[in-house]
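Quick look at model29.tsv (TSV, N, CA and C atoms and all ligand atoms):
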```
chain	number	residue	atom	x	y	z
J	101	MET	N	167.45	-278.30	-26.59
J	101	MET	CA	168.03	-279.04	-25.46
J	101	MET	C	167.53	-278.46	-24.13
J	102	GLU	N	167.58	-277.14	-24.08
J	102	GLU	CA	167.17	-276.49	-22.84
J	102	GLU	C	165.69	-276.73	-22.54
J	103	LYS	N	164.91	-276.81	-23.63
J	103	LYS	CA	163.47	-276.99	-23.47
J	103	LYS	C	163.16	-278.38	-22.91
J	104	ILE	N	163.86	-279.38	-23.39
J	104	ILE	CA	163.66	-280.75	-22.90
J	104	ILE	C	163.95	-280.80	-21.40
J	105	HIS	N	165.03	-280.14	-21.03
J	105	HIS	CA	165.43	-280.12	-19.64
J	105	HIS	C	164.34	-279.46	-18.77
J	106	LYS	N	163.77	-278.40	-19.30
J	106	LYS	CA	162.74	-277.68	-18.57
J	106	LYS	C	161.48	-278.53	-18.40
J	107	ASP	N	161.09	-279.24	-19.48
J	107	ASP	CA	159.93	-280.13	-19.41
J	107	ASP	C	160.13	-281.20	-18.35
J	108	PHE	N	161.33	-281.73	-18.32
J	108	PHE	CA	161.64	-282.77	-17.34
J	108	PHE	C	161.46	-282.22	-15.92
J	109	ASN	N	162.00	-281.03	-15.68
J	109	ASN	CA	161.87	-280.41	-14.37
J	109	ASN	C	160.42	-280.18	-13.99
J	110	ASN	N	159.63	-279.70	-14.94
J	110	ASN	CA	158.22	-279.44	-14.67
J	110	ASN	C	157.50	-280.71	-14.25
J	111	SER	N	157.78	-281.82	-14.95
J	111	SER	CA	157.15	-283.09	-14.59
J	111	SER	C	157.51	-283.48	-13.16
J	112	GLU	N	158.77	-283.30	-12.82
J	112	GLU	CA	159.21	-283.66	-11.47
J	112	GLU	C	158.54	-282.78	-10.41
J	113	ILE	N	158.39	-281.51	-10.73
J	113	ILE	CA	157.75	-280.60	-9.77
J	113	ILE	C	156.29	-281.00	-9.56
J	114	VAL	N	155.60	-281.31	-10.66
J	114	VAL	CA	154.20	-281.73	-10.57
J	114	VAL	C	154.11	-283.05	-9.79
J	115	PHE	N	155.01	-283.96	-10.10
J	115	PHE	CA	155.00	-285.27	-9.42
J	115	PHE	C	155.20	-285.12	-7.91
J	116	GLU	N	156.19	-284.34	-7.53
J	116	GLU	CA	156.48	-284.13	-6.11
J	116	GLU	C	155.29	-283.48	-5.40
J	117	TYR	N	154.68	-282.54	-6.07
J	117	TYR	CA	153.55	-281.83	-5.49
J	117	TYR	C	152.38	-282.79	-5.25
J	118	LEU	N	152.10	-283.62	-6.28
J	118	LEU	CA	151.01	-284.59	-6.17
J	118	LEU	C	151.30	-285.62	-5.07
J	119	LYS	N	152.55	-286.02	-5.00
J	119	LYS	CA	152.95	-287.07	-4.06
J	119	LYS	C	152.69	-286.64	-2.62
J	120	ASN	N	152.80	-285.37	-2.36
J	120	ASN	CA	152.63	-284.87	-1.00
J	120	ASN	C	151.19	-284.56	-0.64
J	121	LYS	N	150.29	-284.82	-1.57
J	121	LYS	CA	148.86	-284.57	-1.30
J	121	LYS	C	148.15	-285.89	-1.09
J	122	ALA	N	147.25	-285.91	-0.13
J	122	ALA	CA	146.53	-287.14	0.18
J	122	ALA	C	145.50	-287.47	-0.90
J	123	ASN	N	144.89	-286.44	-1.46
J	123	ASN	CA	143.81	-286.64	-2.41
J	123	ASN	C	144.24	-286.26	-3.83
J	124	PRO	N	143.53	-286.79	-4.84
J	124	PRO	CA	143.84	-286.40	-6.22
J	124	PRO	C	143.59	-284.91	-6.43
J	125	LEU	N	144.33	-284.33	-7.35
J	125	LEU	CA	144.18	-282.91	-7.63
J	125	LEU	C	143.77	-282.68	-9.08
J	126	THR	N	142.95	-281.65	-9.28
J	126	THR	CA	142.58	-281.27	-10.64
J	126	THR	C	143.70	-280.39	-11.21
J	127	ALA	N	143.67	-280.20	-12.52
J	127	ALA	CA	144.69	-279.36	-13.16
J	127	ALA	C	144.63	-277.95	-12.60
J	128	TYR	N	143.43	-277.51	-12.29
J	128	TYR	CA	143.24	-276.17	-11.73
J	128	TYR	C	143.90	-276.05	-10.36
J	129	GLU	N	143.72	-277.08	-9.53
J	129	GLU	CA	144.33	-277.07	-8.19
J	129	GLU	C	145.85	-277.12	-8.28
J	130	LEU	N	146.34	-277.88	-9.25
J	130	LEU	CA	147.79	-277.95	-9.47
J	130	LEU	C	148.33	-276.59	-9.90
J	131	LEU	N	147.60	-275.99	-10.81
J	131	LEU	CA	148.02	-274.68	-11.32
J	131	LEU	C	148.08	-273.66	-10.19
J	132	ASN	N	147.06	-273.69	-9.34
J	132	ASN	CA	147.02	-272.77	-8.19
J	132	ASN	C	148.18	-273.02	-7.24
J	133	GLY	N	148.44	-274.30	-6.97
J	133	GLY	CA	149.47	-274.66	-6.01
J	133	GLY	C	150.87	-274.43	-6.53
J	134	LEU	N	151.03	-274.50	-7.85
J	134	LEU	CA	152.39	-274.43	-8.41
J	134	LEU	C	152.72	-273.07	-9.03
J	135	ARG	N	151.81	-272.16	-8.89
J	135	ARG	CA	152.03	-270.82	-9.45
J	135	ARG	C	153.30	-270.19	-8.87
J	136	SER	N	153.50	-270.42	-7.57
J	136	SER	CA	154.66	-269.85	-6.89
J	136	SER	C	155.97	-270.45	-7.41
J	137	LYS	N	155.88	-271.63	-8.05
J	137	LYS	CA	157.08	-272.25	-8.61
J	137	LYS	C	157.27	-271.85	-10.08
J	138	GLY	N	156.49	-270.88	-10.51
J	138	GLY	CA	156.68	-270.36	-11.86
J	138	GLY	C	155.87	-271.05	-12.93
J	139	MET	N	154.96	-271.97	-12.52
J	139	MET	CA	154.12	-272.63	-13.52
J	139	MET	C	152.82	-271.85	-13.65
J	140	ILE	N	152.78	-270.99	-14.65
J	140	ILE	CA	151.61	-270.13	-14.76
J	140	ILE	C	150.74	-270.48	-15.95
J	141	ALA	N	151.25	-271.33	-16.84
J	141	ALA	CA	150.47	-271.69	-18.03
J	141	ALA	C	149.84	-273.06	-17.85
J	142	PRO	N	148.51	-273.16	-18.07
J	142	PRO	CA	147.84	-274.46	-17.98
J	142	PRO	C	148.49	-275.50	-18.90
J	143	THR	N	148.98	-275.07	-20.06
J	143	THR	CA	149.58	-276.04	-20.99
J	143	THR	C	150.81	-276.70	-20.36
J	144	THR	N	151.53	-275.96	-19.54
J	144	THR	CA	152.71	-276.53	-18.87
J	144	THR	C	152.28	-277.66	-17.94
J	145	ILE	N	151.21	-277.40	-17.20
J	145	ILE	CA	150.68	-278.40	-16.28
J	145	ILE	C	150.18	-279.62	-17.05
J	146	TYR	N	149.40	-279.37	-18.11
J	146	TYR	CA	148.82	-280.47	-18.88
J	146	TYR	C	149.90	-281.33	-19.53
J	147	ARG	N	150.96	-280.66	-20.01
J	147	ARG	CA	152.04	-281.40	-20.66
J	147	ARG	C	152.73	-282.31	-19.64
J	148	ALA	N	152.97	-281.77	-18.45
J	148	ALA	CA	153.62	-282.55	-17.39
J	148	ALA	C	152.72	-283.72	-16.97
J	149	LEU	N	151.42	-283.47	-16.86
J	149	LEU	CA	150.48	-284.51	-16.45
J	149	LEU	C	150.41	-285.62	-17.50
J	150	GLU	N	150.42	-285.23	-18.77
J	150	GLU	CA	150.35	-286.21	-19.86
J	150	GLU	C	151.58	-287.10	-19.83
J	151	LYS	N	152.73	-286.48	-19.63
J	151	LYS	CA	153.99	-287.21	-19.61
J	151	LYS	C	154.01	-288.21	-18.45
J	152	LEU	N	153.59	-287.75	-17.29
J	152	LEU	CA	153.60	-288.61	-16.10
J	152	LEU	C	152.56	-289.73	-16.20
J	153	THR	N	151.42	-289.42	-16.83
J	153	THR	CA	150.38	-290.44	-17.00
J	153	THR	C	150.86	-291.51	-17.98
J	154	ASN	N	151.47	-291.08	-19.09
J	154	ASN	CA	151.95	-292.02	-20.09
J	154	ASN	C	153.04	-292.94	-19.54
J	155	SER	N	153.85	-292.41	-18.64
J	155	SER	CA	154.92	-293.26	-18.09
J	155	SER	C	154.43	-294.08	-16.90
J	156	GLY	N	153.15	-293.90	-16.54
J	156	GLY	CA	152.56	-294.73	-15.48
J	156	GLY	C	152.90	-294.29	-14.06
J	157	ARG	N	153.49	-293.13	-13.92
J	157	ARG	CA	153.86	-292.68	-12.56
J	157	ARG	C	152.67	-292.06	-11.84
J	158	ILE	N	151.72	-291.56	-12.60
J	158	ILE	CA	150.49	-291.05	-12.00
J	158	ILE	C	149.31	-291.63	-12.77
J	159	HIS	N	148.12	-291.57	-12.18
J	159	HIS	CA	146.90	-292.01	-12.86
J	159	HIS	C	145.92	-290.86	-12.93
J	160	LYS	N	145.14	-290.87	-14.01
J	160	LYS	CA	144.05	-289.91	-14.09
J	160	LYS	C	142.77	-290.59	-13.61
J	161	ILE	N	142.13	-289.98	-12.62
J	161	ILE	CA	140.82	-290.46	-12.17
J	161	ILE	C	139.80	-289.71	-12.99
J	162	GLU	N	139.25	-290.42	-14.00
J	162	GLU	CA	138.38	-289.74	-14.96
J	162	GLU	C	137.15	-289.15	-14.32
J	163	SER	N	136.56	-289.88	-13.38
J	163	SER	CA	135.30	-289.42	-12.80
J	163	SER	C	135.49	-288.17	-11.93
J	164	LEU	N	136.72	-287.89	-11.54
J	164	LEU	CA	136.99	-286.68	-10.75
J	164	LEU	C	137.70	-285.63	-11.60
J	165	ASN	N	138.11	-286.04	-12.80
J	165	ASN	CA	138.95	-285.20	-13.66
J	165	ASN	C	140.17	-284.69	-12.87
J	166	ALA	N	140.80	-285.63	-12.15
J	166	ALA	CA	141.93	-285.30	-11.29
J	166	ALA	C	142.99	-286.38	-11.37
J	167	TRP	N	144.17	-286.06	-10.87
J	167	TRP	CA	145.31	-286.97	-10.98
J	167	TRP	C	145.83	-287.35	-9.60
J	168	THR	N	146.37	-288.58	-9.52
J	168	THR	CA	146.95	-289.05	-8.27
J	168	THR	C	148.19	-289.87	-8.56
J	169	VAL	N	149.14	-289.96	-7.63
J	169	VAL	CA	150.34	-290.75	-7.90
J	169	VAL	C	150.04	-292.24	-7.83
J	170	CYS	N	150.79	-293.00	-8.61
J	170	CYS	CA	150.62	-294.45	-8.66
J	170	CYS	C	151.31	-295.08	-7.47
J	171	CYS	N	150.79	-296.24	-7.01
J	171	CYS	CA	151.41	-296.95	-5.89
J	171	CYS	C	152.72	-297.61	-6.35
J	172	GLU	N	152.97	-297.63	-7.65
J	172	GLU	CA	154.21	-298.17	-8.25
J	172	GLU	C	154.45	-299.63	-7.91
J	173	ASN	N	153.40	-300.40	-7.96
J	173	ASN	CA	153.52	-301.81	-7.57
J	173	ASN	C	152.75	-302.71	-8.52
J	174	HIS	N	152.60	-302.25	-9.78
J	174	HIS	CA	151.62	-302.85	-10.67
J	174	HIS	C	151.86	-304.28	-11.13
J	175	ASN	N	153.05	-304.57	-11.62
J	175	ASN	CA	153.31	-305.87	-12.24
J	175	ASN	C	152.27	-306.18	-13.31
J	176	LYS	N	151.94	-305.17	-14.11
J	176	LYS	CA	150.97	-305.29	-15.21
J	176	LYS	C	149.55	-305.53	-14.72
J	177	LYS	N	149.31	-305.35	-13.45
J	177	LYS	CA	147.94	-305.51	-12.97
J	177	LYS	C	147.13	-304.23	-13.23
J	178	THR	N	145.83	-304.43	-13.35
J	178	THR	CA	144.92	-303.32	-13.59
J	178	THR	C	144.60	-302.60	-12.29
J	179	ALA	N	144.62	-301.29	-12.33
J	179	ALA	CA	144.37	-300.51	-11.12
J	179	ALA	C	142.87	-300.37	-10.86
J	180	ILE	N	142.51	-300.55	-9.60
J	180	ILE	CA	141.13	-300.31	-9.15
J	180	ILE	C	141.21	-299.21	-8.10
J	181	PHE	N	140.44	-298.17	-8.29
J	181	PHE	CA	140.45	-297.08	-7.33
J	181	PHE	C	139.15	-297.03	-6.55
J	182	GLU	N	139.28	-297.02	-5.23
J	182	GLU	CA	138.12	-296.79	-4.38
J	182	GLU	C	138.13	-295.32	-4.03
J	183	ILE	N	137.04	-294.65	-4.35
J	183	ILE	CA	136.96	-293.20	-4.19
J	183	ILE	C	135.86	-292.88	-3.17
J	184	CYS	N	136.25	-292.25	-2.07
J	184	CYS	CA	135.27	-291.90	-1.05
J	184	CYS	C	134.62	-290.56	-1.42
J	185	ASP	N	133.30	-290.58	-1.54
J	185	ASP	CA	132.58	-289.37	-1.93
J	185	ASP	C	132.41	-288.41	-0.75
J	186	ASP	N	132.70	-288.89	0.47
J	186	ASP	CA	132.57	-288.02	1.64
J	186	ASP	C	133.85	-287.23	1.93
J	187	CYS	N	134.97	-287.96	2.09
J	187	CYS	CA	136.21	-287.27	2.46
J	187	CYS	C	137.15	-287.08	1.27
J	188	GLY	N	136.82	-287.70	0.13
J	188	GLY	CA	137.64	-287.52	-1.06
J	188	GLY	C	138.86	-288.43	-1.10
J	189	ASN	N	138.99	-289.30	-0.12
J	189	ASN	CA	140.13	-290.21	-0.07
J	189	ASN	C	140.05	-291.22	-1.23
J	190	VAL	N	141.22	-291.45	-1.86
J	190	VAL	CA	141.27	-292.38	-2.99
J	190	VAL	C	142.34	-293.42	-2.71
J	191	THR	N	141.97	-294.70	-2.83
J	191	THR	CA	142.93	-295.78	-2.59
J	191	THR	C	143.08	-296.64	-3.83
J	192	GLU	N	144.33	-296.92	-4.18
J	192	GLU	CA	144.61	-297.76	-5.35
J	192	GLU	C	144.76	-299.21	-4.92
J	193	HIS	N	144.08	-300.11	-5.63
J	193	HIS	CA	144.18	-301.54	-5.34
J	193	HIS	C	144.60	-302.28	-6.59
J	194	LEU	N	145.32	-303.39	-6.38
J	194	LEU	CA	145.71	-304.24	-7.50
J	194	LEU	C	145.31	-305.66	-7.15
J	195	ASP	N	144.64	-306.33	-8.09
J	195	ASP	CA	144.11	-307.65	-7.80
J	195	ASP	C	144.34	-308.55	-9.01
J	196	SER	N	145.08	-309.66	-8.81
J	196	SER	CA	145.46	-310.46	-9.98
J	196	SER	C	144.28	-311.18	-10.61
J	197	SER	N	143.32	-311.68	-9.81
J	197	SER	CA	142.20	-312.40	-10.44
J	197	SER	C	141.29	-311.43	-11.18
J	198	PHE	N	141.18	-310.23	-10.66
J	198	PHE	CA	140.40	-309.21	-11.36
J	198	PHE	C	141.06	-308.88	-12.70
J	199	THR	N	142.39	-308.69	-12.67
J	199	THR	CA	143.14	-308.39	-13.88
J	199	THR	C	142.96	-309.50	-14.91
J	200	GLU	N	142.98	-310.77	-14.45
J	200	GLU	CA	142.79	-311.91	-15.34
J	200	GLU	C	141.41	-311.87	-15.99
J	201	SER	N	140.39	-311.56	-15.20
J	201	SER	CA	139.02	-311.50	-15.71
J	201	SER	C	138.90	-310.47	-16.82
J	202	ILE	N	139.52	-309.32	-16.61
J	202	ILE	CA	139.45	-308.25	-17.61
J	202	ILE	C	140.16	-308.68	-18.89
J	203	LYS	N	141.31	-309.35	-18.71
J	203	LYS	CA	142.06	-309.84	-19.86
J	203	LYS	C	141.23	-310.83	-20.67
J	204	LYS	N	140.59	-311.76	-19.96
J	204	LYS	CA	139.76	-312.78	-20.62
J	204	LYS	C	138.62	-312.13	-21.38
J	205	LEU	N	138.00	-311.17	-20.75
J	205	LEU	CA	136.88	-310.46	-21.38
J	205	LEU	C	137.33	-309.80	-22.68
J	206	SER	N	138.46	-309.12	-22.62
J	206	SER	CA	138.97	-308.42	-23.81
J	206	SER	C	139.33	-309.40	-24.91
J	207	LYS	N	139.87	-310.54	-24.51
J	207	LYS	CA	140.27	-311.55	-25.47
J	207	LYS	C	139.04	-312.08	-26.20
J	208	ARG	N	137.99	-312.31	-25.43
J	208	ARG	CA	136.75	-312.85	-25.97
J	208	ARG	C	136.11	-311.88	-26.96
J	209	THR	N	136.14	-310.62	-26.64
J	209	THR	CA	135.46	-309.65	-27.49
J	209	THR	C	136.39	-309.05	-28.54
J	210	GLY	N	137.69	-309.33	-28.43
J	210	GLY	CA	138.64	-308.77	-29.38
J	210	GLY	C	138.90	-307.29	-29.14
J	211	PHE	N	138.55	-306.85	-27.96
J	211	PHE	CA	138.72	-305.45	-27.62
J	211	PHE	C	140.15	-305.19	-27.16
J	212	LEU	N	140.69	-304.06	-27.58
J	212	LEU	CA	142.05	-303.72	-27.17
J	212	LEU	C	142.01	-302.61	-26.11
J	213	PRO	N	142.14	-302.98	-24.84
J	213	PRO	CA	142.02	-301.95	-23.79
J	213	PRO	C	143.25	-301.04	-23.74
J	214	ASN	N	142.99	-299.81	-23.44
J	214	ASN	CA	144.05	-298.82	-23.37
J	214	ASN	C	144.30	-298.47	-21.90
J	215	LYS	N	145.22	-299.18	-21.26
J	215	LYS	CA	145.52	-298.99	-19.84
J	215	LYS	C	144.26	-298.81	-19.00
J	216	PRO	N	143.48	-299.88	-18.84
J	216	PRO	CA	142.21	-299.71	-18.12
J	216	PRO	C	142.40	-299.36	-16.65
J	217	ILE	N	141.50	-298.54	-16.16
J	217	ILE	CA	141.48	-298.16	-14.75
J	217	ILE	C	140.02	-298.24	-14.30
J	218	PHE	N	139.79	-298.83	-13.13
J	218	PHE	CA	138.43	-298.95	-12.64
J	218	PHE	C	138.23	-298.04	-11.44
J	219	GLU	N	137.12	-297.38	-11.46
J	219	GLU	CA	136.84	-296.40	-10.41
J	219	GLU	C	135.55	-296.77	-9.71
J	220	ILE	N	135.63	-296.95	-8.40
J	220	ILE	CA	134.45	-297.29	-7.62
J	220	ILE	C	134.18	-296.17	-6.63
J	221	HIS	N	132.99	-295.61	-6.72
J	221	HIS	CA	132.62	-294.54	-5.79
J	221	HIS	C	131.84	-295.10	-4.61
J	222	GLY	N	132.01	-294.47	-3.44
J	222	GLY	CA	131.28	-294.89	-2.26
J	222	GLY	C	131.80	-294.18	-1.04
J	223	GLN	N	131.80	-294.90	0.10
J	223	GLN	CA	132.30	-294.32	1.33
J	223	GLN	C	133.40	-295.21	1.89
J	224	CYS	N	134.50	-294.59	2.34
J	224	CYS	CA	135.61	-295.36	2.88
J	224	CYS	C	135.28	-295.83	4.30
J	225	ALA	N	136.11	-296.74	4.81
J	225	ALA	CA	135.87	-297.34	6.13
J	225	ALA	C	135.82	-296.27	7.22
J	226	ASN	N	136.68	-295.28	7.09
J	226	ASN	CA	136.70	-294.18	8.07
J	226	ASN	C	135.38	-293.45	8.14
J	227	CYS	N	134.82	-293.18	6.97
J	227	CYS	CA	133.59	-292.41	6.90
J	227	CYS	C	132.38	-293.23	7.33
J	228	THR	N	132.35	-294.53	6.97
J	228	THR	CA	131.19	-295.33	7.37
J	228	THR	C	131.20	-295.59	8.87
J	229	SER	N	132.39	-295.67	9.47
J	229	SER	CA	132.45	-295.97	10.90
J	229	SER	C	132.08	-294.76	11.75
J	230	SER	N	132.10	-293.57	11.15
J	230	SER	CA	131.80	-292.38	11.95
J	230	SER	C	130.32	-292.02	11.90
J	231	ILE	N	129.53	-292.84	11.18
J	231	ILE	CA	128.07	-292.56	11.11
J	231	ILE	C	127.41	-292.92	12.45
J	301	ZN	ZN	149.06	-297.43	-10.24
J	302	ZN	ZN	135.97	-291.24	3.47
```

Give the structure from this file in structure tokens form.
Ligand SMILES: [Zn+2]
Ligand SMILES: [Zn+2]
Amino acid sequence: MEKIHKDFNNSEIVFEYLKNKANPLTAYELLNGLRSKGMIAPTTIYRALEKLTNSGRIHKIESLNAWTVCCENHNKKTAIFEICDDCGNVTEHLDSSFTESIKKLSKRTGFLPNKPIFEIHGQCANCTSSI
């Protein structure tokens, strides 16, 4: 019982920490930042991240191997992330016609997608305007 309670707390601590950061964080960065809160084992961090990812409260950006909080506005729409390679800013977008296209594609091929996430790398408006 006590262990379940502790796991829950760890997830909340990781979530709050991520929420206050503008950019996605790697497990290593989380571990460094949360050491003062008593999270010293990477497995603790990974378990919390897995739990939060499975419940949809955070997303894993595979191409960065980092995590970011969800905009919590999905309505079963597929997340599209714009990732700025200059400043590291990541923005989550949801688009219904895009989501429909992906659904149609999967239906046609019989593929069963596992919570698809799309990642687009480039430069954000802030960075392109400062050139
Ligand atoms: Zn999301
Ligand atoms: Zn940028």

Original post:
What is the distance between CA of Ile217 (chain J) and atom C of Ala179 (chain J), in Å to one decimal?
Top reply: 4.7 Å

**OP:** For the point (140.5, -281.1, -10.1) in the file's frame, write as a PyMOL selection string all residues with an atom no more than 10 Å away, counting only C-alpha atoms.
**Re:** chain J and resi 124-131+161+164-167

Can I get the residues of chain J within 8 Å of ligand ZN 301 (chain J), each with the closest pair of atoms and their distance in Å to one decimal, using only C-alpha atoms and all ligand atoms, sorted chain first then ascending number, as JSON lines?
```
{"residue": "J:Gly156", "atom": "CA", "partner": "J:ZN301", "partner_atom": "ZN", "distance": 6.9}
{"residue": "J:Arg157", "atom": "CA", "partner": "J:ZN301", "partner_atom": "ZN", "distance": 7.1}
{"residue": "J:Ile158", "atom": "CA", "partner": "J:ZN301", "partner_atom": "ZN", "distance": 6.8}
{"residue": "J:His159", "atom": "CA", "partner": "J:ZN301", "partner_atom": "ZN", "distance": 6.4}
{"residue": "J:Val169", "atom": "CA", "partner": "J:ZN301", "partner_atom": "ZN", "distance": 7.2}
{"residue": "J:Cys170", "atom": "CA", "partner": "J:ZN301", "partner_atom": "ZN", "distance": 3.7}
{"residue": "J:Cys171", "atom": "CA", "partner": "J:ZN301", "partner_atom": "ZN", "distance": 5.0}
{"residue": "J:Glu172", "atom": "CA", "partner": "J:ZN301", "partner_atom": "ZN", "distance": 5.6}
{"residue": "J:Asn173", "atom": "CA", "partner": "J:ZN301", "partner_atom": "ZN", "distance": 6.8}
{"residue": "J:His174", "atom": "CA", "partner": "J:ZN301", "partner_atom": "ZN", "distance": 6.0}
{"residue": "J:Thr178", "atom": "CA", "partner": "J:ZN301", "partner_atom": "ZN", "distance": 7.9}
{"residue": "J:Ala179", "atom": "CA", "partner": "J:ZN301", "partner_atom": "ZN", "distance": 5.7}
{"residue": "J:Glu192", "atom": "CA", "partner": "J:ZN301", "partner_atom": "ZN", "distance": 6.6}
```

Give the strand (DSSP E or B) residues of chain J, as DSSP finds them on the backbone, and put them as a PDB file with N, CA and C atoms, in the frame of the given file.
```pdb
ATOM      1  N   LEU J 125     144.330-284.330  -7.350  1.00  0.00           N
ATOM      2  CA  LEU J 125     144.180-282.910  -7.630  1.00  0.00           C
ATOM      3  C   LEU J 125     143.770-282.680  -9.080  1.00  0.00           C
ATOM      4  N   THR J 126     142.950-281.650  -9.280  1.00  0.00           N
ATOM      5  CA  THR J 126     142.580-281.270 -10.640  1.00  0.00           C
ATOM      6  C   THR J 126     143.700-280.390 -11.210  1.00  0.00           C
ATOM      7  N   ILE J 158     151.720-291.560 -12.600  1.00  0.00           N
ATOM      8  CA  ILE J 158     150.490-291.050 -12.000  1.00  0.00           C
ATOM      9  C   ILE J 158     149.310-291.630 -12.770  1.00  0.00           C
ATOM     10  N   HIS J 159     148.120-291.570 -12.180  1.00  0.00           N
ATOM     11  CA  HIS J 159     146.900-292.010 -12.860  1.00  0.00           C
ATOM     12  C   HIS J 159     145.920-290.860 -12.930  1.00  0.00           C
ATOM     13  N   LYS J 160     145.140-290.870 -14.010  1.00  0.00           N
ATOM     14  CA  LYS J 160     144.050-289.910 -14.090  1.00  0.00           C
ATOM     15  C   LYS J 160     142.770-290.590 -13.610  1.00  0.00           C
ATOM     16  N   ILE J 161     142.130-289.980 -12.620  1.00  0.00           N
ATOM     17  CA  ILE J 161     140.820-290.460 -12.170  1.00  0.00           C
ATOM     18  C   ILE J 161     139.800-289.710 -12.990  1.00  0.00           C
ATOM     19  N   ALA J 166     140.800-285.630 -12.150  1.00  0.00           N
ATOM     20  CA  ALA J 166     141.930-285.300 -11.290  1.00  0.00           C
ATOM     21  C   ALA J 166     142.990-286.380 -11.370  1.00  0.00           C
ATOM     22  N   TRP J 167     144.170-286.060 -10.870  1.00  0.00           N
ATOM     23  CA  TRP J 167     145.310-286.970 -10.980  1.00  0.00           C
ATOM     24  C   TRP J 167     145.830-287.350  -9.600  1.00  0.00           C
ATOM     25  N   THR J 168     146.370-288.580  -9.520  1.00  0.00           N
ATOM     26  CA  THR J 168     146.950-289.050  -8.270  1.00  0.00           C
ATOM     27  C   THR J 168     148.190-289.870  -8.560  1.00  0.00           C
ATOM     28  N   VAL J 169     149.140-289.960  -7.630  1.00  0.00           N
ATOM     29  CA  VAL J 169     150.340-290.750  -7.900  1.00  0.00           C
ATOM     30  C   VAL J 169     150.040-292.240  -7.830  1.00  0.00           C
ATOM     31  N   ALA J 179     144.620-301.290 -12.330  1.00  0.00           N
ATOM     32  CA  ALA J 179     144.370-300.510 -11.120  1.00  0.00           C
ATOM     33  C   ALA J 179     142.870-300.370 -10.860  1.00  0.00           C
ATOM     34  N   ILE J 180     142.510-300.550  -9.600  1.00  0.00           N
ATOM     35  CA  ILE J 180     141.130-300.310  -9.150  1.00  0.00           C
ATOM     36  C   ILE J 180     141.210-299.210  -8.100  1.00  0.00           C
ATOM     37  N   PHE J 181     140.440-298.170  -8.290  1.00  0.00           N
ATOM     38  CA  PHE J 181     140.450-297.080  -7.330  1.00  0.00           C
ATOM     39  C   PHE J 181     139.150-297.030  -6.550  1.00  0.00           C
ATOM     40  N   GLU J 182     139.280-297.020  -5.230  1.00  0.00           N
ATOM     41  CA  GLU J 182     138.120-296.790  -4.380  1.00  0.00           C
ATOM     42  C   GLU J 182     138.130-295.320  -4.030  1.00  0.00           C
ATOM     43  N   ILE J 183     137.040-294.650  -4.350  1.00  0.00           N
ATOM     44  CA  ILE J 183     136.960-293.200  -4.190  1.00  0.00           C
ATOM     45  C   ILE J 183     135.860-292.880  -3.170  1.00  0.00           C
ATOM     46  N   CYS J 184     136.250-292.250  -2.070  1.00  0.00           N
ATOM     47  CA  CYS J 184     135.270-291.900  -1.050  1.00  0.00           C
ATOM     48  C   CYS J 184     134.620-290.560  -1.420  1.00  0.00           C
ATOM     49  N   VAL J 190     141.220-291.450  -1.860  1.00  0.00           N
ATOM     50  CA  VAL J 190     141.270-292.380  -2.990  1.00  0.00           C
ATOM     51  C   VAL J 190     142.340-293.420  -2.710  1.00  0.00           C
ATOM     52  N   THR J 191     141.970-294.700  -2.830  1.00  0.00           N
ATOM     53  CA  THR J 191     142.930-295.780  -2.590  1.00  0.00           C
ATOM     54  C   THR J 191     143.080-296.640  -3.830  1.00  0.00           C
ATOM     55  N   GLU J 192     144.330-296.920  -4.180  1.00  0.00           N
ATOM     56  CA  GLU J 192     144.610-297.760  -5.350  1.00  0.00           C
ATOM     57  C   GLU J 192     144.760-299.210  -4.920  1.00  0.00           C
ATOM     58  N   HIS J 193     144.080-300.110  -5.630  1.00  0.00           N
ATOM     59  CA  HIS J 193     144.180-301.540  -5.340  1.00  0.00           C
ATOM     60  C   HIS J 193     144.600-302.280  -6.590  1.00  0.00           C
ATOM     61  N   LEU J 194     145.320-303.390  -6.380  1.00  0.00           N
ATOM     62  CA  LEU J 194     145.710-304.240  -7.500  1.00  0.00           C
ATOM     63  C   LEU J 194     145.310-305.660  -7.150  1.00  0.00           C
ATOM     64  N   ILE J 217     141.500-298.540 -16.160  1.00  0.00           N
ATOM     65  CA  ILE J 217     141.480-298.160 -14.750  1.00  0.00           C
ATOM     66  C   ILE J 217     140.020-298.240 -14.300  1.00  0.00           C
ATOM     67  N   PHE J 218     139.790-298.830 -13.130  1.00  0.00           N
ATOM     68  CA  PHE J 218     138.430-298.950 -12.640  1.00  0.00           C
ATOM     69  C   PHE J 218     138.230-298.040 -11.440  1.00  0.00           C
ATOM     70  N   GLU J 219     137.120-297.380 -11.460  1.00  0.00           N
ATOM     71  CA  GLU J 219     136.840-296.400 -10.410  1.00  0.00           C
ATOM     72  C   GLU J 219     135.550-296.770  -9.710  1.00  0.00           C
ATOM     73  N   ILE J 220     135.630-296.950  -8.400  1.00  0.00           N
ATOM     74  CA  ILE J 220     134.450-297.290  -7.620  1.00  0.00           C
ATOM     75  C   ILE J 220     134.180-296.170  -6.630  1.00  0.00           C
ATOM     76  N   HIS J 221     132.990-295.610  -6.720  1.00  0.00           N
ATOM     77  CA  HIS J 221     132.620-294.540  -5.790  1.00  0.00           C
ATOM     78  C   HIS J 221     131.840-295.100  -4.610  1.00  0.00           C
ATOM     79  N   GLY J 222     132.010-294.470  -3.440  1.00  0.00           N
ATOM     80  CA  GLY J 222     131.280-294.890  -2.260  1.00  0.00           C
ATOM     81  C   GLY J 222     131.800-294.180  -1.040  1.00  0.00           C
TER      82      GLY J 222
END
```

**OP:** Go through the chains and note each residue within 6.5 Å of ligand ZN 302 (chain J), using only N, CA and C atoms and all ligand atoms, then give the set as an MDAnalysis selection string.
**Re:** chainID J and resid 184:189 223:228

Original post:
For the atom pair CA of Arg147 (chain J) and atom N of Pro216 (chain J), what is the interatomic distance in Å to one decimal place?
Top reply: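 Separation of CA of Arg147 (chain J) and atom N of Pro216 (chain J): 20.4 Å.
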
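Candidate residues J:Glu219, J:Lys177, J:Tyr146, J:Pro213 were compared for distance to Ser163 (chain J), and the nearest is J:Glu219, using all atoms listed in the file.
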